[in-house]
Each structure stands twice: as C-alpha cells, then as structure tokens.
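Heads up, target-v5.txt below (compact mmCIF, C-alpha atoms and all ligand atoms):
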```txt
# COMPACT_ATOMS: atom_id res chain seq x y z
CA MET A 1 -52.61 -29.37 -59.72
CA ILE A 2 -55.05 -27.83 -57.26
CA LEU A 3 -57.68 -25.38 -58.48
CA ALA A 4 -58.62 -23.14 -55.54
CA ILE A 5 -61.57 -20.77 -55.12
CA GLU A 6 -62.05 -18.05 -52.48
CA THR A 7 -65.22 -15.92 -52.19
CA SER A 8 -65.58 -15.31 -48.44
CA CYS A 9 -65.93 -11.50 -48.69
CA ASP A 10 -65.79 -9.09 -51.62
CA ASP A 11 -62.90 -10.46 -53.69
CA THR A 12 -63.64 -13.14 -56.27
CA CYS A 13 -60.48 -15.26 -56.37
CA ALA A 14 -59.23 -18.37 -58.16
CA ALA A 15 -55.74 -19.85 -58.33
CA VAL A 16 -53.82 -22.86 -59.54
CA VAL A 17 -51.31 -24.19 -57.01
CA SER A 18 -48.92 -27.10 -57.55
CA PRO A 19 -48.62 -29.89 -54.97
CA ASP A 20 -45.21 -28.53 -53.96
CA GLY A 21 -46.64 -25.07 -53.25
CA ARG A 22 -45.87 -23.08 -56.37
CA VAL A 23 -48.41 -20.40 -57.29
CA VAL A 24 -48.93 -21.27 -60.96
CA SER A 25 -51.62 -18.60 -61.34
CA SER A 26 -53.60 -16.36 -59.01
CA VAL A 27 -56.47 -14.13 -60.08
CA VAL A 28 -58.19 -11.65 -57.76
CA SER A 29 -61.15 -9.63 -58.98
CA SER A 30 -61.89 -6.90 -56.45
CA GLN A 31 -65.45 -5.62 -56.44
CA GLY A 32 -64.85 -1.87 -56.44
CA VAL A 33 -68.62 -1.40 -56.26
CA HIS A 34 -68.55 -1.46 -52.41
CA ALA A 35 -66.43 1.70 -52.09
CA ARG A 36 -69.45 3.95 -52.63
CA TYR A 37 -71.16 2.37 -49.59
CA GLY A 38 -68.07 2.68 -47.35
CA GLY A 39 -68.06 -1.07 -46.67
CA VAL A 40 -68.98 -4.45 -48.10
CA VAL A 41 -72.69 -4.94 -48.78
CA PRO A 42 -73.21 -8.73 -48.42
CA GLU A 43 -76.04 -9.11 -50.94
CA ILE A 44 -74.16 -7.13 -53.58
CA ALA A 45 -71.00 -9.17 -52.92
CA SER A 46 -72.89 -12.45 -53.53
CA ARG A 47 -74.38 -11.21 -56.79
CA HIS A 48 -71.01 -10.06 -58.05
CA HIS A 49 -69.37 -13.38 -57.14
CA LEU A 50 -72.07 -15.07 -59.18
CA GLU A 51 -71.33 -12.87 -62.18
CA LEU A 52 -67.53 -13.05 -61.89
CA LEU A 53 -66.71 -16.58 -60.73
CA ASP A 54 -66.75 -18.39 -64.09
CA ALA A 55 -64.55 -15.77 -65.76
CA VAL A 56 -62.12 -15.67 -62.82
CA VAL A 57 -61.78 -19.49 -62.82
CA ASP A 58 -61.30 -19.53 -66.61
CA ASP A 59 -58.68 -16.81 -66.26
CA ALA A 60 -56.80 -18.75 -63.55
CA LEU A 61 -56.78 -21.92 -65.68
CA ALA A 62 -55.74 -20.05 -68.84
CA SER A 63 -52.93 -18.19 -67.03
CA ALA A 64 -51.73 -21.54 -65.67
CA GLY A 65 -51.85 -22.97 -69.20
CA ILE A 66 -54.05 -25.90 -68.21
CA ALA A 67 -57.59 -27.10 -68.83
CA LEU A 68 -59.92 -28.51 -66.16
CA ALA A 69 -58.63 -31.95 -67.22
CA GLY A 70 -55.24 -30.93 -65.80
CA VAL A 71 -56.70 -30.33 -62.33
CA GLU A 72 -56.53 -33.15 -59.76
CA ARG A 73 -58.52 -31.57 -56.96
CA VAL A 74 -60.62 -28.51 -56.24
CA ALA A 75 -60.23 -26.48 -53.03
CA VAL A 76 -62.67 -23.91 -51.71
CA THR A 77 -63.13 -21.63 -48.69
CA GLN A 78 -65.93 -23.08 -46.55
CA GLY A 79 -65.91 -20.33 -43.88
CA PRO A 80 -65.78 -18.10 -41.95
CA GLY A 81 -67.15 -15.21 -44.02
CA LEU A 82 -70.34 -13.87 -45.56
CA VAL A 83 -72.71 -16.81 -46.00
CA GLY A 84 -74.13 -15.75 -49.36
CA ALA A 85 -70.66 -15.02 -50.74
CA LEU A 86 -69.26 -18.34 -49.48
CA LEU A 87 -72.20 -20.24 -50.98
CA VAL A 88 -71.37 -18.98 -54.47
CA GLY A 89 -67.78 -20.25 -54.23
CA VAL A 90 -68.76 -23.58 -52.68
CA ALA A 91 -71.50 -24.21 -55.25
CA GLY A 92 -69.09 -23.38 -58.08
CA ALA A 93 -66.38 -25.61 -56.62
CA LYS A 94 -68.80 -28.51 -56.19
CA ALA A 95 -69.93 -28.20 -59.80
CA LEU A 96 -66.37 -28.10 -61.18
CA ALA A 97 -65.24 -31.03 -59.02
CA ALA A 98 -68.34 -33.13 -59.65
CA ALA A 99 -68.16 -32.62 -63.42
CA ARG A 100 -64.91 -34.60 -63.45
CA ARG A 101 -65.53 -36.74 -60.36
CA MET A 102 -62.65 -34.98 -58.60
CA PRO A 103 -62.13 -34.75 -54.82
CA LEU A 104 -63.01 -31.47 -53.09
CA VAL A 105 -61.07 -29.93 -50.20
CA PRO A 106 -63.02 -27.56 -47.93
CA VAL A 107 -60.62 -25.00 -46.42
CA ASP A 108 -60.96 -22.74 -43.38
CA HIS A 109 -60.24 -19.14 -44.41
CA LEU A 110 -58.03 -18.48 -41.37
CA GLN A 111 -56.03 -21.65 -41.99
CA GLY A 112 -55.71 -20.34 -45.56
CA HIS A 113 -54.12 -17.08 -44.36
CA VAL A 114 -51.65 -19.08 -42.25
CA ALA A 115 -50.87 -21.36 -45.21
CA ALA A 116 -49.85 -18.36 -47.36
CA SER A 117 -46.59 -18.68 -45.40
CA PHE A 118 -46.03 -22.21 -46.79
CA LEU A 119 -45.98 -21.14 -50.44
CA ALA A 120 -42.89 -21.34 -52.67
CA PRO A 121 -40.40 -19.91 -53.56
CA GLU A 122 -39.50 -19.15 -49.94
CA PRO A 123 -41.79 -21.22 -47.73
CA PHE A 124 -41.70 -20.26 -44.07
CA GLU A 125 -42.02 -23.55 -42.23
CA PRO A 126 -43.53 -24.26 -38.79
CA PRO A 127 -43.10 -24.20 -35.88
CA PHE A 128 -43.73 -20.47 -35.53
CA LEU A 129 -45.77 -17.87 -33.71
CA CYS A 130 -48.32 -16.41 -36.13
CA LEU A 131 -49.99 -12.99 -36.11
CA LEU A 132 -53.11 -13.01 -38.27
CA ALA A 133 -54.52 -9.51 -38.77
CA SER A 134 -57.33 -9.04 -41.26
CA GLY A 135 -60.64 -7.26 -41.65
CA GLY A 136 -62.51 -9.92 -39.71
CA HIS A 137 -59.91 -11.38 -37.34
CA THR A 138 -56.94 -10.50 -35.18
CA MET A 139 -55.26 -13.49 -33.59
CA LEU A 140 -52.03 -14.83 -32.21
CA MET A 141 -51.53 -18.52 -32.85
CA ARG A 142 -48.96 -21.16 -32.10
CA VAL A 143 -48.44 -23.07 -35.34
CA GLU A 144 -46.66 -26.41 -34.90
CA GLY A 145 -47.55 -28.08 -38.20
CA HIS A 146 -49.04 -27.45 -41.64
CA HIS A 147 -52.62 -28.05 -40.54
CA GLY A 148 -54.16 -26.54 -37.43
CA TYR A 149 -53.02 -24.11 -34.76
CA GLU A 150 -53.44 -23.25 -31.11
CA LEU A 151 -55.14 -19.92 -30.43
CA LEU A 152 -53.14 -17.85 -27.91
CA GLY A 153 -55.03 -14.56 -28.07
CA GLN A 154 -57.56 -12.66 -30.15
CA THR A 155 -59.40 -9.38 -30.33
CA LEU A 156 -62.10 -8.74 -27.77
CA ASP A 157 -63.92 -6.31 -30.07
CA ASP A 158 -62.89 -4.96 -33.50
CA ALA A 159 -60.30 -6.60 -35.74
CA ALA A 160 -57.21 -4.54 -36.66
CA GLY A 161 -58.34 -4.18 -40.28
CA GLU A 162 -61.83 -3.27 -39.14
CA ALA A 163 -60.35 -0.53 -36.91
CA LEU A 164 -58.40 0.84 -39.89
CA ASP A 165 -61.52 0.69 -42.08
CA LYS A 166 -63.61 2.53 -39.45
CA GLY A 167 -60.81 5.03 -38.80
CA ALA A 168 -60.56 5.74 -42.52
CA ARG A 169 -64.28 6.35 -42.66
CA LEU A 170 -64.04 8.86 -39.78
CA LEU A 171 -61.31 10.64 -41.74
CA GLY A 172 -63.42 10.70 -44.88
CA LEU A 173 -61.13 8.28 -46.74
CA GLY A 174 -62.15 5.50 -49.09
CA PHE A 175 -62.76 1.81 -48.57
CA PRO A 176 -60.86 -0.38 -47.87
CA GLY A 177 -59.41 1.87 -45.20
CA GLY A 178 -56.08 0.15 -44.50
CA PRO A 179 -54.40 1.03 -47.80
CA ALA A 180 -56.01 4.52 -47.79
CA ILE A 181 -54.66 5.26 -44.31
CA GLU A 182 -51.23 3.90 -45.26
CA ARG A 183 -51.03 6.19 -48.30
CA LEU A 184 -52.09 9.32 -46.42
CA ALA A 185 -50.01 8.47 -43.32
CA ALA A 186 -46.86 8.57 -45.44
CA GLU A 187 -47.28 12.38 -45.51
CA GLY A 188 -48.08 12.75 -41.80
CA ASP A 189 -46.32 12.77 -38.43
CA PRO A 190 -47.08 9.66 -36.31
CA GLY A 191 -46.08 11.61 -33.18
CA ALA A 192 -48.56 14.44 -33.78
CA PHE A 193 -51.26 12.73 -31.69
CA ASP A 194 -51.18 10.14 -28.95
CA PHE A 195 -53.72 7.36 -29.45
CA PRO A 196 -54.27 4.52 -26.94
CA ILE A 197 -53.04 0.98 -27.66
CA SER A 198 -54.79 -0.78 -24.73
CA ALA A 199 -51.43 -1.44 -23.12
CA GLY A 200 -53.22 -1.96 -19.80
CA LEU A 201 -54.99 -5.02 -21.18
CA ALA A 202 -52.75 -7.80 -19.88
CA GLY A 203 -52.05 -10.99 -21.79
CA LEU A 204 -52.29 -11.70 -25.50
CA ASP A 205 -55.77 -10.41 -26.34
CA PHE A 206 -56.29 -7.28 -28.43
CA SER A 207 -58.79 -4.43 -28.16
CA PHE A 208 -59.28 -1.72 -30.79
CA SER A 209 -62.62 -0.16 -29.86
CA GLY A 210 -61.04 2.42 -27.50
CA LEU A 211 -58.68 3.51 -30.25
CA LYS A 212 -61.53 4.05 -32.67
CA THR A 213 -63.51 6.08 -30.09
CA SER A 214 -60.43 8.12 -29.31
CA LEU A 215 -60.07 9.07 -33.00
CA LEU A 216 -63.76 10.00 -33.11
CA TYR A 217 -63.38 12.37 -30.13
CA ARG A 218 -60.16 13.84 -31.48
CA VAL A 219 -61.75 14.64 -34.83
CA ARG A 220 -64.75 16.15 -33.03
CA ASP A 221 -62.51 18.28 -30.76
CA LEU A 222 -60.44 19.58 -33.64
CA GLY A 223 -63.51 20.58 -35.63
CA GLU A 224 -64.11 19.72 -39.26
CA ALA A 225 -61.78 22.26 -40.88
CA GLN A 226 -58.80 21.65 -38.57
CA ALA A 227 -59.25 17.86 -38.72
CA LEU A 228 -59.14 18.10 -42.49
CA ARG A 229 -55.96 20.17 -42.37
CA GLN A 230 -54.34 17.63 -40.05
CA ARG A 231 -55.76 14.57 -41.75
CA ALA A 232 -52.35 13.14 -42.68
CA ASP A 233 -51.11 13.52 -39.08
CA LEU A 234 -54.29 11.89 -37.75
CA ALA A 235 -53.87 9.00 -40.20
CA ALA A 236 -50.19 8.56 -39.33
CA ALA A 237 -50.80 8.62 -35.56
CA PHE A 238 -53.78 6.28 -35.84
CA GLN A 239 -51.86 3.80 -38.00
CA HIS A 240 -48.94 4.01 -35.59
CA ALA A 241 -51.25 3.05 -32.71
CA VAL A 242 -52.61 0.02 -34.60
CA VAL A 243 -49.08 -1.10 -35.43
CA GLU A 244 -47.87 -0.64 -31.84
CA ALA A 245 -50.93 -2.43 -30.41
CA LEU A 246 -50.15 -5.43 -32.64
CA ALA A 247 -46.40 -5.33 -31.97
CA LEU A 248 -46.89 -5.15 -28.19
CA ARG A 249 -48.84 -8.45 -28.14
CA VAL A 250 -46.42 -10.08 -30.57
CA GLU A 251 -43.51 -9.19 -28.30
CA ARG A 252 -45.36 -10.47 -25.24
CA ALA A 253 -46.13 -13.74 -27.05
CA LEU A 254 -42.57 -14.20 -28.27
CA GLU A 255 -41.41 -13.79 -24.71
CA SER A 256 -44.01 -16.03 -23.05
CA THR A 257 -43.74 -18.85 -25.60
CA GLY A 258 -40.00 -18.61 -26.17
CA MET A 259 -40.65 -19.06 -29.88
CA GLY A 260 -37.96 -17.62 -32.15
CA ARG A 261 -39.90 -17.54 -35.41
CA LEU A 262 -42.74 -15.21 -36.36
CA ALA A 263 -45.13 -15.42 -39.33
CA VAL A 264 -47.49 -12.55 -40.17
CA CYS A 265 -50.54 -12.92 -42.40
CA GLY A 266 -53.92 -11.40 -43.28
CA GLY A 267 -54.70 -8.17 -45.12
CA VAL A 268 -53.14 -5.88 -42.49
CA ALA A 269 -49.82 -7.72 -43.00
CA ALA A 270 -49.63 -5.83 -46.32
CA ASN A 271 -49.04 -2.65 -44.30
CA GLY A 272 -45.53 -1.23 -44.80
CA PRO A 273 -45.02 0.32 -41.34
CA LEU A 274 -46.24 -2.93 -39.66
CA ARG A 275 -43.82 -4.99 -41.76
CA GLU A 276 -40.99 -2.62 -40.83
CA ARG A 277 -41.90 -2.59 -37.14
CA LEU A 278 -42.02 -6.39 -36.87
CA ALA A 279 -38.77 -6.70 -38.80
CA ARG A 280 -37.18 -4.93 -35.83
CA CYS A 281 -38.20 -7.79 -33.47
CA ASP A 282 -35.32 -10.10 -32.70
CA VAL A 283 -36.77 -13.15 -34.52
CA GLU A 284 -36.75 -14.99 -37.81
CA LEU A 285 -39.57 -13.32 -39.71
CA GLY A 286 -41.78 -14.69 -42.48
CA ILE A 287 -44.26 -12.32 -44.14
CA PRO A 288 -45.71 -13.35 -47.51
CA GLU A 289 -45.57 -10.85 -50.36
CA ARG A 290 -48.37 -8.28 -50.13
CA ALA A 291 -50.66 -9.91 -52.72
CA LEU A 292 -50.63 -13.12 -50.67
CA CYS A 293 -51.51 -11.27 -47.42
CA THR A 294 -54.82 -9.83 -48.61
CA ASP A 295 -57.53 -12.31 -49.63
CA ASN A 296 -56.52 -14.59 -52.50
CA ALA A 297 -57.10 -18.18 -53.61
CA ALA A 298 -53.43 -19.25 -53.73
CA MET A 299 -53.43 -19.41 -49.92
CA ILE A 300 -56.53 -21.63 -50.05
CA GLY A 301 -54.75 -23.93 -52.51
CA SER A 302 -51.75 -23.97 -50.21
CA ALA A 303 -53.84 -25.00 -47.20
CA ALA A 304 -55.58 -27.66 -49.31
CA ARG A 305 -52.24 -29.44 -49.76
CA PHE A 306 -52.39 -30.39 -46.08
CA ALA A 307 -56.17 -30.72 -45.45
CA PRO A 308 -58.30 -33.84 -45.94
CA ALA A 309 -60.08 -34.15 -49.30
CA LEU A 310 -63.67 -35.37 -49.66
CA PRO A 311 -64.17 -37.91 -52.47
CA PHE A 312 -66.96 -37.54 -55.01
CA PRO A 313 -69.91 -37.49 -54.23
CA ASP A 314 -69.47 -37.02 -50.46
CA TYR A 315 -69.13 -33.24 -50.77
CA LEU A 316 -72.36 -32.54 -52.63
CA GLY A 317 -74.17 -31.72 -49.38
CA LEU A 318 -71.29 -29.61 -48.00
CA ASP A 319 -72.45 -26.43 -46.24
CA VAL A 320 -70.68 -23.15 -45.41
CA TYR A 321 -70.20 -21.54 -41.99
CA ALA A 322 -70.29 -17.84 -41.16
CA SER A 323 -68.24 -17.63 -37.99
CA GLY A 324 -65.95 -19.52 -35.68
CA GLU A 325 -62.95 -21.47 -36.81
CA ARG A 326 -63.10 -25.07 -37.80
CA ALA A 327 -59.46 -25.77 -38.43
CA PRO A 328 -58.27 -28.52 -36.10
CA VAL A 329 -56.73 -27.22 -32.92
CA THR A 330 -53.35 -28.80 -32.30
CA ALA A 331 -53.10 -28.54 -28.53
O1 LIG B 401 -57.38 -10.58 -45.28
P1 LIG B 401 -58.24 -9.55 -45.88
O2 LIG B 401 -58.01 -9.21 -47.34
O3 LIG B 401 -59.76 -9.92 -45.76
C1 LIG B 401 -60.29 -10.48 -44.57
O4 LIG B 401 -60.17 -11.71 -44.41
O5 LIG B 401 -60.79 -9.67 -43.76
O6 LIG B 401 -58.09 -8.24 -44.99
C2 LIG B 401 -58.75 -7.07 -45.32
C3 LIG B 401 -58.34 -5.99 -44.34
C4 LIG B 401 -59.12 -4.69 -44.51
O7 LIG B 401 -59.56 -4.27 -43.24
C5 LIG B 401 -58.09 -3.75 -45.11
O8 LIG B 401 -58.31 -2.40 -44.71
C6 LIG B 401 -56.81 -4.28 -44.54
O9 LIG B 401 -56.95 -5.68 -44.53
N1 LIG B 401 -55.64 -3.92 -45.36
C7 LIG B 401 -54.63 -3.13 -44.94
C8 LIG B 401 -53.77 -2.96 -46.05
N2 LIG B 401 -54.28 -3.66 -47.10
C9 LIG B 401 -55.43 -4.24 -46.66
N3 LIG B 401 -54.40 -2.55 -43.75
C10 LIG B 401 -53.30 -1.81 -43.64
N4 LIG B 401 -52.44 -1.56 -44.65
C11 LIG B 401 -52.63 -2.12 -45.87
N5 LIG B 401 -51.77 -1.89 -46.86
ZN ZN B 402 -58.99 -12.88 -45.24
```
What is this file in structure tokens?
Amino acid sequence: MILAIETSCDDTCAAVVSPDGRVVSSVVSSQGVHARYGGVVPEIASRHHLELLDAVVDDALASAGIALAGVERVAVTQGPGLVGALLVGVAGAKALAAARRMPLVPVDHLQGHVAASFLAPEPFEPPFLCLLASGGHTMLMRVEGHHGYELLGQTLDDAAGEALDKGARLLGLGFPGGPAIERLAAEGDPGAFDFPISAGLAGLDFSFSGLKTSLLYRVRDLGEAQALRQRADLAAAFQHAVVEALALRVERALESTGMGRLAVCGGVAANGPLRERLARCDVELGIPERALCTDNAAMIGSAARFAPALPFPDYLGLDVYASGERAPVTA
C-alpha cells in the first residue's frame, strides 16, 4: 500500500492507494478559514497543515483499515505550490517513512493531477491529450506514458481557476470562486453578455487576463445595483467564456496532434458545463470523478506508482520547489 500526502495549497490531504490503483481511502480537509480573506493566505495555510496533518493521516489509515505497518511506501507532493505548505507535508512524510525505514516517493503536483486519470475502477490509459486546468496552472500536454508529459501549450497570464476565482471576487462571491460561479451561473443566461476568449491568440497557449478585465469594466459600466441584479447572467456568461476558451485550444490541439483521446484534470475539471462541453468533442474522453479533479492525495499516490522511490535515508535532505515542473519531459 502507498500512503500519500498532499499539502501544496490549502487542502490537507492524505490517501491510501493500492499498487493497482484502487483508492482505498482519501481524506481532504479543506481550510475554510481562507474564505474570509478572499484567497489563500500562505502563512495561515502552513499553520493549518501543521495542525491538521497528523489527524488527516490517521483518518486515512483508519478508513483504509490499516496501520502504518501495512504501508510499503510513502508518497508526497514536492512541488509546485506554496513553499511553507509543501514543507509541512514533506517533513511529515519524511518522518513517517523514516520511522519504519520505508522508501519515499517525491511527486510533482501536476503529474499527480494527470495521474488521477490512471486510478481504478475505470483507468483512462495513455496515450492521450491532457487538459490540466487548476488554480495555479492551465496546460495542454501530450501524455504518452504513465510518467512524464510533453507540454504543448500553457497560459501566458492567469490560470483558468485563477480567472474564475478573480471573477467571483469581482461579483462579490465567495472563495473558491469556481464552484461559487458554477452555482450562480445555473440561474443565469450565458448569452446575456459577450466576454472575450482570446480567439485571436493563435496556437495552443491560453490567456485569461483580458477576460478578467472585461468583466471588471462590465461590472463598472452596469453600476453596482444593476450588476447585482444581473449577477447570475454575468456569472453564466463569464463561465461560458472560460469554458469556450479552454475548449477552443483543446479542439485545436486534437486537430494538430491527431490524437483521439482526451483526459481532463485539475480543479476546473470539476465544472459541470466544462465537462458537458468537452463531452461534445468527437473523442474518447476521460475525466476523473469531481473529488479526484480538485486537490487530493489519491492522485499523488497514483503518480507514485510510476515514479522512482528514494530509499531510506536518501530522502532526509529532500527539499520542496515552489514553481516550474520537474516531471520528466517525454519528448
Ligand atoms: O486543482 P485545484 O484544487 O488546486 C490547484 O492545484 O490549483 O484547483 C483549484 C481551482 C480553483 O481555482 C477553483 O476555483 C477551481 O479549481 N474549481 C472550479 C470548480 N471547483 C474548483 N472551477 C470551476 N468549477 C468548479 N466546480
Ligand atoms: Zn492542484
């Protein structure tokens, strides 16, 4: 069994994953404390990870019905993410692994999102084109195997989830913004406003900053009272633009690569209208269940099945990284 830990942002997560990719248990403790600040406060996130990690790990082991003695290796997110938050998870993972002289598998968070697709009961196997859309990243990747990917395109400014979070804030909605916008948008008309999707940006890169600015101006032009009255329409049209901006690049990539299989991952992949829109593409589609799209440790355990393990005590000096991607590039 693999015990996996994920603390790259504001969710404290632990999971037990079997070597054949079954999620035996998965615990996610979301730190609701950040909502009042309208975003994640790094220092507060680290402190909460410190308070929550032991209980979350115990909970994951208890739900799996095993003790630490039943774990063969420990996996942990090494980066990218918030350094202080990552350090708590990595220190905890080192301690658990070292206590029983177990190997440790450092996992790249982005590779983890991709590996959510490989989990049982319906693993979606490579090769495939992968759209990763989260709060920190928006990427198109060519995935040929279980470890590594080739980057085909990425955002030039904000990530899709970041755009939704900022849009939600402009509309006076809560954090995280993606789910808040999705809920409100269900009552609105996506055709009520026309927001830009950077269609003029050729190739497979994304840009969301113009969309965000456009919402800002629209809210300003409408005035506070009218914007409030049309908040559901604004949310629906804004969400529609994010979905179409993602779908446009996916369709371009499917055409230019000739790939016939599409995987979607990352927090934004939990979005209902995005899932429905991509289901209309003429491809074999693999989107993990919603709980495996947003941050979780099961995806880290899944990636660890295919990543090299460090034997004890080689990992004791292991450090975290804040940005960039360290997963091996396949081409
Ligand atoms: O993958 P994730 O949990 O964390 C990162 O690695 O960033 O993604 C979080 C992002 C946030 O921006 C959040 O607003 C967005 O995913 N998100 C959603 C939904 N659930 C989470 N966006 C749209 N619709 C959702 N249902
Ligand atoms: Zn993530």
In Å to one decimal, how far is atom CA of A:Val320 from atom CA of A:Cys293?
22.6 Å
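Taking atom CA of A:Pro80 and atom CA of A:Leu274 as the two end points, the separation is 24.8 Å.
The space separating atom CA of A:Phe238 from atom N4 of ligand LIG 401 (chain B) comes to 11.9 Å.
Where the distance criterion is 7 Å and the atoms used are all atoms listed in the file, the residues close to ligand ZN 402 (chain B) are A:His109, A:Leu110, A:His113, A:Ser134, A:Gly135, A:Gly266, A:Gly267, A:Thr294, A:Asp295.
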Contacts to ligand LIG 401 (chain B) at 10 Å cut-off (only C-alpha atoms and all ligand atoms) as number ranges by chain:
A: 8-11, 39, 80-81, 109-110, 112-113, 132-138, 159-168, 174-183, 239, 242-243, 265-275, 290-296
Under the rule that only C-alpha atoms are counted, which of A:Gly203, A:Ala225, A:Glu289, A:Val114 is the nearest residue to A:Gly148?
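The answer is A:Val114, which sits nearest to A:Gly148.
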Any idea what's packed within 10 Å of stretch 58-61 of chain A, counting all atoms listed in the file, ignoring anything in its chain fewer than 6 positions away? Could you give it as a PDB file with C-alpha atoms, in the frame of the given file?
```
ATOM      1  CA  LEU A   3     -57.680 -25.380 -58.480  1.00  0.00           C
ATOM      2  CA  ALA A   4     -58.620 -23.140 -55.540  1.00  0.00           C
ATOM      3  CA  ILE A   5     -61.570 -20.770 -55.120  1.00  0.00           C
ATOM      4  CA  CYS A  13     -60.480 -15.260 -56.370  1.00  0.00           C
ATOM      5  CA  ALA A  14     -59.230 -18.370 -58.160  1.00  0.00           C
ATOM      6  CA  ALA A  15     -55.740 -19.850 -58.330  1.00  0.00           C
ATOM      7  CA  VAL A  16     -53.820 -22.860 -59.540  1.00  0.00           C
ATOM      8  CA  VAL A  24     -48.930 -21.270 -60.960  1.00  0.00           C
ATOM      9  CA  SER A  25     -51.620 -18.600 -61.340  1.00  0.00           C
ATOM     10  CA  SER A  26     -53.600 -16.360 -59.010  1.00  0.00           C
ATOM     11  CA  VAL A  27     -56.470 -14.130 -60.080  1.00  0.00           C
ATOM     12  CA  VAL A  28     -58.190 -11.650 -57.760  1.00  0.00           C
ATOM     13  CA  ALA A  67     -57.590 -27.100 -68.830  1.00  0.00           C
ATOM     14  CA  LEU A  68     -59.920 -28.510 -66.160  1.00  0.00           C
ATOM     15  CA  GLY A  70     -55.240 -30.930 -65.800  1.00  0.00           C
ATOM     16  CA  VAL A  71     -56.700 -30.330 -62.330  1.00  0.00           C
ATOM     17  CA  ALA A 297     -57.100 -18.180 -53.610  1.00  0.00           C
TER      18      ALA A 297
END
```
Point (-46.7, -16.0, -46.1) neighbourhood (6 Å, only C-alpha atoms) written as a PDB file with C-alpha atoms, keeping the file's coordinate frame:
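What follows is the written file out-v7.pdb:
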```pdb
ATOM      1  CA  ALA A 116     -49.850 -18.360 -47.360  1.00  0.00           C
ATOM      2  CA  SER A 117     -46.590 -18.680 -45.400  1.00  0.00           C
ATOM      3  CA  ILE A 287     -44.260 -12.320 -44.140  1.00  0.00           C
ATOM      4  CA  PRO A 288     -45.710 -13.350 -47.510  1.00  0.00           C
TER       5      PRO A 288
END
```
Test item: residues at most 10 Å from A:Asp194, all atoms listed in the file, excluding those fewer than 5 positions along its chain, as a PDB file with C-alpha atoms, in the frame of the given file:
```pdb
ATOM      1  CA  SER A 214     -60.430   8.120 -29.310  1.00  0.00           C
ATOM      2  CA  LEU A 215     -60.070   9.070 -33.000  1.00  0.00           C
ATOM      3  CA  LEU A 234     -54.290  11.890 -37.750  1.00  0.00           C
ATOM      4  CA  ALA A 237     -50.800   8.620 -35.560  1.00  0.00           C
ATOM      5  CA  PHE A 238     -53.780   6.280 -35.840  1.00  0.00           C
ATOM      6  CA  HIS A 240     -48.940   4.010 -35.590  1.00  0.00           C
ATOM      7  CA  ALA A 241     -51.250   3.050 -32.710  1.00  0.00           C
TER       8      ALA A 241
END
```
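Residue neighbourhood of A:Leu248, excluding near-sequence residues (fewer than 4 positions): A:Ile197, A:Ala199, A:Leu204, A:Val243, A:Glu244, A:Arg252, A:Ala253, at 9 Å, using only C-alpha atoms.
Minimum atom-to-atom distances from A:Pro121, A:Pro313, A:Gly21, A:Gly92 to A:Met299 were compared using all atoms listed in the file, and the lowest value belongs to A:Gly21.
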Compare A:Gly286, A:Gly301, A:Gly153, A:Gly38 by their minimum atom-to-atom distance to A:Arg169, counting only C-alpha atoms, and give me the closest one.
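Of the candidates, the smallest distance to A:Arg169 is held by A:Gly38.
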Would you list the contacts of A:Glu43 as a PDB file with C-alpha atoms, in the coordinates of the input, taking every protein, DNA or RNA residue within 12 Å and counting only C-alpha atoms, but skipping same-chain residues closer than 5 positions in sequence?
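Okay, selection.pdb is ready:
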```
ATOM      1  CA  CYS A   9     -65.930 -11.500 -48.690  1.00  0.00           C
ATOM      2  CA  ASP A  10     -65.790  -9.090 -51.620  1.00  0.00           C
ATOM      3  CA  VAL A  33     -68.620  -1.400 -56.260  1.00  0.00           C
ATOM      4  CA  HIS A  34     -68.550  -1.460 -52.410  1.00  0.00           C
ATOM      5  CA  HIS A  48     -71.010 -10.060 -58.050  1.00  0.00           C
ATOM      6  CA  HIS A  49     -69.370 -13.380 -57.140  1.00  0.00           C
ATOM      7  CA  LEU A  50     -72.070 -15.070 -59.180  1.00  0.00           C
ATOM      8  CA  LEU A  82     -70.340 -13.870 -45.560  1.00  0.00           C
ATOM      9  CA  VAL A  83     -72.710 -16.810 -46.000  1.00  0.00           C
ATOM     10  CA  GLY A  84     -74.130 -15.750 -49.360  1.00  0.00           C
ATOM     11  CA  ALA A  85     -70.660 -15.020 -50.740  1.00  0.00           C
ATOM     12  CA  LEU A  86     -69.260 -18.340 -49.480  1.00  0.00           C
ATOM     13  CA  LEU A  87     -72.200 -20.240 -50.980  1.00  0.00           C
ATOM     14  CA  VAL A  88     -71.370 -18.980 -54.470  1.00  0.00           C
TER      15      VAL A  88
END
```
Need the axis-aligned box for stretch 5-15 of chain A with 4 Å each side, so what are the centre and edges in Å to one decimal, as JSON?
```
{"center_x": -60.8, "center_y": -14.9, "center_z": -53.4, "size_x": 18.2, "size_y": 19.7, "size_z": 17.9}
```
Would you mind listing what lies within 10 Å of A:Asp314 as number ranges by chain, with all atoms listed in the file counted and same-chain residues fewer than 4 positions away left out?
A: 103-104, 309-310, 318
